$ cat protein-v5.txt   # compact mmCIF, C-alpha atoms
# COMPACT_ATOMS: atom_id res chain seq x y z
CA MET A 1 77.36 -2.94 27.75
CA LYS A 2 74.89 -0.19 28.57
CA THR A 3 72.47 -1.64 26.02
CA LEU A 4 72.68 -4.98 27.75
CA LYS A 5 71.85 -3.34 31.07
CA TYR A 6 68.75 -1.73 29.59
CA ILE A 7 67.64 -5.01 28.09
CA CYS A 8 68.13 -6.74 31.46
CA ALA A 9 66.15 -3.97 33.15
CA LEU A 10 63.37 -4.38 30.61
CA ILE A 11 63.23 -8.14 31.13
CA ALA A 12 63.08 -7.57 34.90
CA ILE A 13 60.21 -5.10 34.51
CA VAL A 14 58.31 -7.51 32.28
CA PHE A 15 58.91 -10.32 34.75
CA ILE A 16 57.84 -8.29 37.79
CA THR A 17 54.71 -6.88 36.16
CA GLY A 18 53.38 -10.32 35.33
CA CYS A 19 54.81 -11.13 31.91
CA ALA A 20 51.89 -12.27 29.84
CA SER A 21 49.47 -9.98 28.17
CA ILE A 22 45.77 -10.90 28.04
CA PRO A 23 44.95 -13.60 25.43
CA THR A 24 42.32 -11.68 23.51
CA GLN A 25 41.47 -14.75 21.39
CA ASN A 26 39.44 -16.26 24.26
CA PHE A 27 37.30 -13.15 24.55
CA SER A 28 36.72 -13.06 20.79
CA SER A 29 35.74 -16.77 20.81
CA LEU A 30 33.20 -16.23 23.58
CA LEU A 31 31.69 -13.25 21.76
CA HIS A 32 31.62 -14.98 18.38
CA THR A 33 30.04 -18.23 19.63
CA THR A 34 27.43 -16.47 21.77
CA ARG A 35 26.42 -14.30 18.80
CA GLU A 36 26.17 -17.40 16.61
CA ALA A 37 24.08 -19.26 19.23
CA SER A 38 21.73 -16.31 19.54
CA GLU A 39 21.20 -16.16 15.77
CA ALA A 40 20.65 -19.94 15.60
CA ILE A 41 17.94 -19.91 18.31
CA ASP A 42 16.17 -17.14 16.46
CA LYS A 43 16.29 -19.14 13.23
CA VAL A 44 14.89 -22.23 14.97
CA LEU A 45 12.08 -20.13 16.41
CA GLN A 46 11.37 -18.64 12.98
CA GLU A 47 11.18 -22.18 11.64
CA ASN A 48 8.85 -23.16 14.49
CA TYR A 49 6.67 -20.12 13.73
CA LYS A 50 6.56 -20.99 10.05
CA LEU A 51 5.56 -24.59 10.81
CA GLU A 52 2.73 -23.39 13.04
CA SER A 53 1.52 -20.86 10.46
CA ASP A 54 1.51 -23.59 7.81
CA ILE A 55 -0.51 -25.88 10.10
CA ILE A 56 -3.07 -23.11 10.69
CA ARG A 57 -3.39 -22.57 6.94
CA GLU A 58 -3.93 -26.33 6.47
CA GLU A 59 -6.54 -26.40 9.23
CA ILE A 60 -8.44 -23.54 7.58
CA ILE A 61 -8.26 -25.27 4.18
CA LEU A 62 -9.49 -28.55 5.70
CA ASP A 63 -12.25 -26.67 7.51
CA GLU A 64 -10.87 -27.73 10.88
CA ARG A 65 -10.48 -24.14 11.98
CA PRO A 66 -12.70 -21.22 11.02
CA LEU A 67 -11.01 -18.35 9.23
CA TYR A 68 -12.68 -15.84 11.55
CA ASP A 69 -11.07 -17.44 14.60
CA VAL A 70 -7.65 -16.64 13.36
CA PHE A 71 -7.90 -13.29 11.64
CA LEU A 72 -10.73 -11.06 12.62
CA GLU A 73 -10.75 -9.82 16.15
CA ARG A 74 -11.63 -6.26 16.95
CA GLN A 75 -9.17 -4.92 19.48
CA GLY A 76 -10.33 -1.33 19.71
CA SER A 77 -11.65 1.41 17.48
CA TYR A 78 -10.25 1.24 13.97
CA SER A 79 -8.10 -1.76 14.76
CA ILE A 80 -8.35 -5.48 14.35
CA LYS A 81 -5.82 -8.12 15.31
CA PRO A 82 -3.09 -7.45 12.77
CA GLU A 83 -1.63 -10.93 12.56
CA ILE A 84 -2.84 -14.47 13.02
CA SER A 85 -2.63 -15.49 16.64
CA THR A 86 -2.97 -18.73 18.60
CA PRO A 87 -1.51 -19.78 21.99
CA MET A 88 1.19 -21.67 20.13
CA LEU A 89 2.19 -18.71 17.95
CA GLU A 90 2.07 -16.45 20.98
CA SER A 91 4.36 -18.75 22.99
CA ILE A 92 6.89 -18.84 20.12
CA GLU A 93 6.84 -15.05 19.87
CA THR A 94 7.16 -14.67 23.65
CA ALA A 95 10.18 -16.99 23.75
CA ARG A 96 11.69 -15.25 20.73
CA SER A 97 11.33 -11.77 22.11
CA ALA A 98 12.63 -12.77 25.59
CA LEU A 99 15.67 -14.56 24.18
CA SER A 100 16.35 -11.78 21.73
CA ASP A 101 16.30 -9.13 24.50
CA ILE A 102 18.47 -11.07 26.93
CA ASN A 103 20.88 -12.28 24.24
CA ASP A 104 21.33 -8.73 22.95
CA LEU A 105 22.35 -7.68 26.45
CA ALA A 106 24.72 -10.64 26.78
CA ILE A 107 26.31 -9.90 23.40
CA GLU A 108 26.71 -6.24 24.32
CA TYR A 109 28.43 -7.32 27.54
CA MET A 110 30.74 -9.72 25.69
CA GLU A 111 31.59 -7.05 23.11
CA LEU A 112 32.59 -4.79 25.99
CA LEU A 113 34.65 -7.62 27.53
CA ALA A 114 36.44 -8.04 24.19
CA THR A 115 37.12 -4.30 24.06
CA LEU A 116 38.30 -4.30 27.66
CA SER A 117 40.65 -7.22 26.96
CA GLY A 118 42.10 -5.29 24.04
CA ALA A 119 40.64 -7.63 21.39
CA ASN A 120 38.78 -4.80 19.69
CA ASN A 121 41.71 -2.36 19.88
CA THR A 122 44.94 -2.07 17.98
CA PRO A 123 47.26 -1.73 20.98
CA LYS A 124 50.33 -2.66 18.92
CA ASP A 125 49.97 0.40 16.71
CA HIS A 126 49.43 2.55 19.75
CA PHE A 127 52.64 1.36 21.39
CA ILE A 128 54.69 1.56 18.19
CA GLU A 129 53.58 5.18 18.10
CA LEU A 130 54.64 5.60 21.72
CA ALA A 131 58.02 3.97 21.04
CA GLU A 132 58.63 6.36 18.14
CA SER A 133 57.63 9.28 20.28
CA PHE A 134 60.02 8.10 23.00
CA ASN A 135 62.77 7.63 20.48
CA ASP A 136 62.38 11.23 19.35
CA THR A 137 62.39 12.41 22.95
CA SER A 138 65.47 10.43 23.85
CA THR A 139 67.28 11.61 20.72
CA ALA A 140 66.41 15.20 21.56
CA ILE A 141 67.62 14.85 25.14
CA THR A 142 70.86 13.06 24.32
CA ASP A 143 71.56 15.49 21.47
CA SER A 144 71.10 18.46 23.75
CA LEU A 145 73.19 16.96 26.51
CA ASN A 146 75.80 15.96 23.97
CA VAL A 147 75.96 12.40 25.28
CA ASP A 148 76.87 9.47 23.09
CA LEU A 149 75.03 6.36 24.25
CA GLY A 150 75.98 4.15 21.35
CA PRO A 151 73.97 3.18 18.27
CA ASP A 152 71.63 0.57 19.89
CA THR A 153 70.91 2.28 23.16
CA LEU A 154 68.36 4.85 22.02
CA PRO A 155 65.99 2.45 20.25
CA THR A 156 66.28 0.06 23.21
CA LEU A 157 65.50 2.88 25.60
CA SER A 158 62.49 3.99 23.67
CA VAL A 159 61.15 0.45 23.31
CA ALA A 160 61.73 -0.13 27.04
CA GLY A 161 59.93 3.10 27.85
CA SER A 162 56.90 2.27 25.76
CA GLU A 163 56.96 -1.29 27.13
CA VAL A 164 56.77 0.04 30.67
CA LEU A 165 53.76 2.15 29.71
CA ARG A 166 52.20 -0.82 27.92
CA LEU A 167 52.66 -2.98 31.01
CA MET A 168 51.14 -0.30 33.20
CA LEU A 169 48.11 -0.27 30.93
CA GLU A 170 47.97 -4.09 30.81
CA GLY A 171 48.16 -4.24 34.60
CA LYS A 172 45.24 -1.85 34.92
CA ARG A 173 43.33 -3.74 32.23
CA ARG A 174 43.85 -7.10 33.95
CA LYS A 175 42.73 -5.72 37.29
CA LEU A 176 39.52 -4.28 35.82
CA LEU A 177 38.81 -7.40 33.78
CA LEU A 178 39.18 -9.60 36.86
CA GLU A 179 36.76 -7.41 38.78
CA VAL A 180 34.18 -7.47 35.98
CA LEU A 181 34.55 -11.21 35.28
CA GLU A 182 34.46 -12.37 38.87
CA GLY A 183 31.70 -9.99 39.93
CA ASN A 184 29.44 -10.98 37.04
CA GLN A 185 29.97 -14.75 37.04
CA PRO A 186 26.74 -15.49 38.99
CA VAL A 187 24.68 -13.36 36.56
CA ILE A 188 26.17 -15.20 33.56
CA GLU A 189 25.28 -18.51 35.22
CA GLU A 190 21.72 -17.30 35.78
CA TYR A 191 21.49 -16.02 32.20
CA CYS A 192 22.57 -19.39 30.76
CA ALA A 193 20.20 -21.33 33.03
CA PHE A 194 17.39 -19.06 31.79
CA ALA A 195 18.37 -19.63 28.14
CA ILE A 196 18.60 -23.42 28.64
CA GLU A 197 15.18 -23.51 30.31
CA LEU A 198 13.68 -21.69 27.33
CA ILE A 199 15.61 -23.84 24.82
CA ASP A 200 14.07 -26.94 26.44
CA LYS A 201 10.61 -25.43 25.98
CA ILE A 202 11.45 -24.55 22.36
CA GLU A 203 12.42 -28.18 21.80
CA ILE A 204 9.01 -29.28 23.17
CA SER A 205 7.26 -26.66 21.06
CA LEU A 206 9.17 -27.70 17.94
CA TYR A 207 8.35 -31.37 18.49
CA HIS A 208 4.69 -30.51 19.05
CA SER A 209 4.47 -28.50 15.80
CA TYR A 210 6.32 -31.17 13.87
CA SER A 211 4.19 -34.08 15.11
CA LYS A 212 0.99 -32.09 14.62
CA TYR A 213 1.95 -31.24 11.04
CA PHE A 214 3.14 -34.78 10.35
CA ALA A 215 -0.15 -36.24 11.66
CA ARG A 216 -2.10 -34.01 9.28
CA ILE A 217 -0.04 -35.05 6.25
CA ASP A 218 -0.47 -38.67 7.29
CA ASP A 219 -4.23 -38.16 7.55
CA GLN A 220 -4.47 -36.54 4.11
CA LEU A 221 -2.36 -39.30 2.62
CA PHE A 222 -4.70 -41.94 4.02
CA TYR A 223 -7.72 -40.49 2.23
CA GLU A 224 -5.90 -39.64 -1.01
CA ASP A 225 -6.05 -42.07 -3.94
CA ASN A 226 -4.45 -39.98 -6.66
CA ALA A 227 -0.87 -41.21 -7.13
CA GLU A 228 0.53 -37.79 -8.04
CA GLU A 229 -1.10 -36.14 -5.01
CA ARG A 230 0.21 -38.91 -2.81
CA ARG A 231 3.72 -38.38 -4.19
CA ILE A 232 3.49 -34.67 -3.32
CA MET A 233 2.33 -35.50 0.21
CA VAL A 234 5.09 -38.03 0.83
CA ASN A 235 7.65 -35.52 -0.43
CA ARG A 236 6.22 -32.94 1.96
CA ALA A 237 6.59 -35.41 4.84
CA TYR A 238 10.24 -36.03 3.88
CA GLU A 239 10.91 -32.32 3.61
CA LEU A 240 9.23 -31.68 6.95
CA ASN A 241 11.32 -34.38 8.57
CA GLY A 242 14.52 -32.84 7.18
CA ARG A 243 13.57 -29.38 8.47
CA TYR A 244 12.79 -30.80 11.90
CA VAL A 245 16.04 -32.77 12.16
CA ASN A 246 18.14 -29.74 11.14
CA ALA A 247 16.37 -27.44 13.57
CA LEU A 248 16.79 -30.03 16.31
CA LYS A 249 20.53 -30.42 15.58
CA ALA A 250 21.02 -26.66 15.73
CA LEU A 251 19.08 -26.48 18.97
CA GLU A 252 21.19 -29.25 20.50
CA SER A 253 24.43 -27.42 19.60
CA VAL A 254 23.04 -24.17 20.98
CA ARG A 255 22.11 -25.89 24.24
CA LYS A 256 25.67 -27.25 24.56
CA ILE A 257 27.03 -23.75 23.99
CA TYR A 258 24.88 -22.31 26.76
CA GLU A 259 26.03 -25.14 29.04
CA GLN A 260 29.67 -24.15 28.38
CA ILE A 261 29.37 -20.36 28.54
CA PRO A 262 29.53 -20.12 32.38
CA GLU A 263 32.73 -22.22 32.49
CA ALA A 264 34.24 -20.32 29.58
CA HIS A 265 33.36 -16.97 31.16
CA GLY A 266 34.75 -18.10 34.53
CA SER A 267 37.98 -19.32 32.97
CA LEU A 268 38.58 -15.98 31.23
CA SER A 269 39.75 -14.67 34.58
CA THR A 270 42.63 -17.19 34.65
CA PHE A 271 43.81 -15.81 31.28
CA LYS A 272 44.49 -19.31 30.01
CA TYR A 273 43.13 -21.22 27.05
CA SER A 274 40.65 -23.21 29.09
CA ARG A 275 38.58 -26.33 28.51
CA GLY A 276 35.47 -24.14 28.56
CA VAL A 277 36.62 -21.93 25.68
CA LYS A 278 37.91 -24.96 23.77
CA LEU A 279 34.52 -26.72 24.04
CA LEU A 280 32.71 -23.52 23.19
CA VAL A 281 34.70 -23.22 19.96
CA LYS A 282 34.04 -26.92 19.20
CA TYR A 283 30.26 -26.61 19.67
CA GLY A 284 30.32 -23.34 17.75
CA LYS A 285 31.83 -25.21 14.78
CA GLU A 286 29.22 -27.97 15.10
CA LEU A 287 26.56 -25.29 15.13
CA SER A 288 28.00 -23.63 12.02
CA ASN A 289 27.86 -26.96 10.18
CA SER A 290 24.21 -27.69 11.03
CA TYR A 291 23.40 -24.00 10.65
CA GLU A 292 24.29 -24.14 6.95
CA ASP A 293 21.62 -26.83 6.39
CA LEU A 294 19.01 -25.17 8.58
CA PHE A 295 17.20 -23.26 5.84
CA MET B 1 4.11 -27.53 34.71
CA ASP B 2 6.70 -29.85 33.13
CA LYS B 3 4.88 -32.93 34.46
CA LEU B 4 1.60 -31.71 33.02
CA LEU B 5 3.20 -31.01 29.62
CA ASN B 6 4.81 -34.46 29.60
CA LYS B 7 1.53 -36.08 30.53
CA LEU B 8 -0.33 -34.26 27.76
CA GLN B 9 2.41 -35.10 25.28
CA THR B 10 2.03 -38.80 26.14
CA THR B 11 -1.77 -38.51 25.90
CA LEU B 12 -1.44 -36.94 22.45
CA PHE B 13 0.91 -39.69 21.33
CA ASP B 14 -1.55 -42.37 22.50
CA LEU B 15 -4.56 -40.61 20.98
CA ARG B 16 -2.85 -40.27 17.60
CA ARG B 17 -1.97 -43.95 17.64
CA GLU B 18 -5.54 -44.83 18.56
CA TYR B 19 -6.83 -42.51 15.82
CA ARG B 20 -4.68 -44.22 13.17
CA GLU B 21 -5.93 -47.62 14.31
CA LEU B 22 -9.60 -46.56 14.22
CA ARG B 23 -9.09 -44.83 10.86
CA ARG B 24 -7.61 -48.02 9.41
CA HIS B 25 -10.77 -49.90 10.36
CA ARG B 26 -13.01 -47.04 9.24
CA ASP B 27 -14.44 -47.05 12.74
CA PRO B 28 -17.21 -44.49 13.41
CA GLU B 29 -15.35 -43.54 16.61
CA THR B 30 -12.56 -42.00 14.49
CA GLU B 31 -14.08 -38.52 14.44
CA ARG B 32 -14.61 -38.51 18.19
CA VAL B 33 -10.93 -39.31 18.79
CA LYS B 34 -9.90 -36.69 16.23
CA LYS B 35 -11.88 -34.11 18.20
CA MET B 36 -10.16 -35.27 21.38
CA ILE B 37 -6.79 -34.78 19.67
CA PHE B 38 -7.68 -31.18 18.79
CA GLU B 39 -8.84 -30.47 22.32
CA THR B 40 -5.70 -31.98 23.84
CA GLU B 41 -3.52 -30.03 21.40
CA GLU B 42 -5.26 -26.82 22.44
CA LYS B 43 -4.81 -27.58 26.11
CA PHE B 44 -1.16 -28.47 25.57
CA GLU B 45 -0.54 -25.19 23.73
CA GLU B 46 -2.25 -23.12 26.42
CA ILE B 47 -0.10 -24.73 29.12
CA LEU B 48 3.06 -24.29 27.07
CA LEU B 49 2.23 -20.60 26.62
CA ALA B 50 1.61 -20.14 30.36
CA ASP B 51 4.87 -21.95 31.09
CA ILE B 52 6.91 -19.81 28.70
CA GLN B 53 5.27 -16.63 29.98
CA ASN B 54 6.13 -17.70 33.50
CA ILE B 55 9.83 -18.20 32.61
CA THR B 56 10.14 -14.98 30.64
CA SER B 57 8.52 -12.82 33.30
CA ASN B 58 11.80 -12.90 35.24
CA GLN B 59 12.36 -9.13 35.32
CA GLU B 60 15.09 -9.47 37.94
CA LEU B 61 17.39 -11.17 35.44
CA TYR B 62 16.86 -8.38 32.89
CA SER B 63 17.86 -5.73 35.41
CA LYS B 64 20.90 -7.80 36.49
CA MET B 65 21.98 -8.12 32.86
CA THR B 66 21.52 -4.39 32.28
CA LYS B 67 23.66 -3.68 35.36
CA LEU B 68 26.30 -6.11 34.08
CA VAL B 69 26.49 -4.24 30.76
CA GLY B 70 26.76 -0.95 32.67
CA GLU B 71 29.67 -2.25 34.77
CA ALA B 72 31.56 -3.50 31.72
CA GLN B 73 30.93 -0.18 29.96
CA GLY B 74 32.32 1.65 33.01
CA ALA B 75 35.47 -0.49 32.98
CA VAL B 76 35.98 0.15 29.25
CA GLU B 77 35.70 3.89 29.86
CA ILE B 78 38.25 3.73 32.68
CA ILE B 79 40.72 1.92 30.39
CA ALA B 80 40.15 4.39 27.55
CA ASP B 81 40.78 7.23 29.98
CA TYR B 82 43.94 5.53 31.28
CA GLN B 83 45.14 4.91 27.73
CA ASN B 84 44.67 8.61 26.94
CA LYS B 85 46.60 9.56 30.05
CA ILE B 86 49.50 7.33 29.01
CA ALA B 87 49.48 8.84 25.55
CA GLY B 88 49.49 12.24 27.27
CA ILE B 89 52.56 11.30 29.32
CA ALA B 90 54.38 10.26 26.15
CA LYS B 91 53.49 13.57 24.51
CA VAL B 92 54.70 15.53 27.54
CA LEU B 93 58.00 13.64 27.54
CA SER B 94 58.38 14.30 23.87
CA LYS B 95 57.76 18.00 24.40
CA ILE B 96 60.26 18.16 27.26
CA GLY B 97 62.87 16.65 24.96
CA THR B 98 62.11 19.22 22.30
CA VAL B 99 62.26 22.06 24.82
CA ILE B 100 65.64 20.86 26.13
CA LYS B 101 66.92 20.52 22.61
CA THR B 102 65.75 24.01 21.67
CA ALA B 103 67.13 25.48 24.90
CA SER B 104 70.53 23.93 24.37
CA GLU B 105 70.60 25.13 20.78
CA VAL B 106 69.76 28.63 21.96
CA LEU B 107 72.47 28.39 24.61
CA ASN B 108 75.01 27.19 22.05
CA LEU B 109 74.10 30.07 19.79
CA THR B 110 74.60 32.57 22.58
$ encode --input "protein-v5.txt" --output "structure tokens"
Amino acid sequence: MKTLKYICALIAIVFITGCASIPTQNFSSLLHTTREASEAIDKVLQENYKLESDIIREEIILDERPLYDVFLERQGSYSIKPEISTPMLESIETARSALSDINDLAIEYMELLATLSGANNTPKDHFIELAESFNDTSTAITDSLNVDLGPDTLPTLSVAGSEVLRLMLEGKRRKLLLEVLEGNQPVIEEYCAFAIELIDKIEISLYHSYSKYFARIDDQLFYEDNAEERRIMVNRAYELNGRYVNALKALESVRKIYEQIPEAHGSLSTFKYSRGVKLLVKYGKELSNSYEDLF
Amino acid sequence: MDKLLNKLQTTLFDLRREYRELRRHRDPETERVKKMIFETEEKFEEILLADIQNITSNQELYSKMTKLVGEAQGAVEIIADYQNKIAGIAKVLSKIGTVIKTASEVLNLT
């Protein structure tokens, strides 16, 4: 009978304190997909950089660009420009470094959110430990007071005790999470708008590199009569097309992810499996599929 | 900036088409158009660079993001502290139980 009372009391406490614990899966999904999107953008930019470097090499070979223009530029005593540089290469590097810096900060924030939600902890172990500790305490007290509470009462008591402490912690955690999530929603929106703006420029840059490269292959093919050489050139055009399509697919998935992040972040504060998180996971999977073919 | 980039992209597209046409007819104008393509490409790339530099010079967003990380870090520290306090309470309760047990054993002995 007493055991039943304790169980009822425990249920009441759980009910009053707000029942559900925080669904840590949503926080992990947001972190995972953002990390994946950040890596994919970097890969696309590496691909863009490689395309541009290859075009420059071609231009030098075809005598369309002097070697000196690209390599040798004295920048100060004992130093020359260490790497090849053109406005196009510089814009790719600028976009890459900006996105890398801001994405690193976003990922750090999301890692902290995951930790704060309990996704990076092992709270179960912690509370099992607490329950055992409570069990020992209760046994010690009842032994000393020489009270017989029945065989099930002590474990129930200790579980109830640790559950109360767990709920206290969860309550505090929820309150802090809500403050962080709601307070930072506008910054996350701004961050994603910034990333999308840059992604759109990367798409333009990628298309420019691709069409420039393609036009050069087409030009060489026109003046080439040797069948074997022509075969090599056509294969290069096919390969180039494949690289471009894969990079474009990855970029499209990444853009969709950045479009969903604000909604997913906002919905974390409702502690429900939201449409935002669901879509984020979906686009993350799409990204993983095209990602495999990227390089 | 976007309008200018779009315009140059369209110009490049048209010039390349014109170039292919002239090349097909071995027209002496081919080289002139090729030069125009290079010049337009260069202009396009300079504008794209300026555009990207303009977007990425948003220092305000970087400081907002840094602040956001700081706030989240602060909240994680508060929770860790709270968790330690709860573990402390459990330890204290456990000790009280042990003390009571020991005291009653001592009393029984006396």
$ closest_residue --input "protein-v5.txt" --among "B:Leu5, B:Val69, B:Ile37, B:Leu61" --to "B:Arg17" --atoms "all atoms listed in the file"
B:Ile37
$ atom_distance --input "protein-v5.txt" --atom1 "atom CA of A:Asp69" --atom2 "atom CA of B:Arg20"
27.6 Å
$ atom_distance --input "protein-v5.txt" --atom1 "atom CA of B:Gln59" --atom2 "atom CA of A:Ala195"
14.1 Å
$ residues_around --input "protein-v5.txt" --residues "B:Asn54" --least-positions-apart "3" --cutoff "12 Å" --atoms "only C-alpha atoms" --output "list of chain:residue names"
A:Ser91, A:Thr94, A:Ala95, A:Ala98, A:Phe194, A:Glu197, A:Leu198, A:Lys201, B:Met1, B:Ile47, B:Leu48, B:Leu49, B:Ala50, B:Asp51, B:Ser57, B:Asn58, B:Gln59
$ atom_distance --input "protein-v5.txt" --atom1 "atom CA of A:Leu112" --atom2 "atom CA of A:Glu170"
16.1 Å
$ axis_aligned_box --input "protein-v5.txt" --around "stretch 21-31 of chain B" --padding-each-side "4 Å" --output "JSON"
{"center_x": -11.6, "center_y": -44.2, "center_z": 12.9, "size_x": 19.3, "size_y": 19.4, "size_z": 15.4}
$ residues_around --input "protein-v5.txt" --residues "B:Glu45" --least-positions-apart "3" --cutoff "6 Å" --atoms "only C-alpha atoms" --output "list in words"
Pro87 and Met88 of chain A; Glu42 and Leu48 of chain B
$ closest_residue --input "protein-v5.txt" --among "A:Gly284, A:Gly171, A:Gly242, A:Pro262" --to "chain B" --atoms "only C-alpha atoms"
A:Gly171
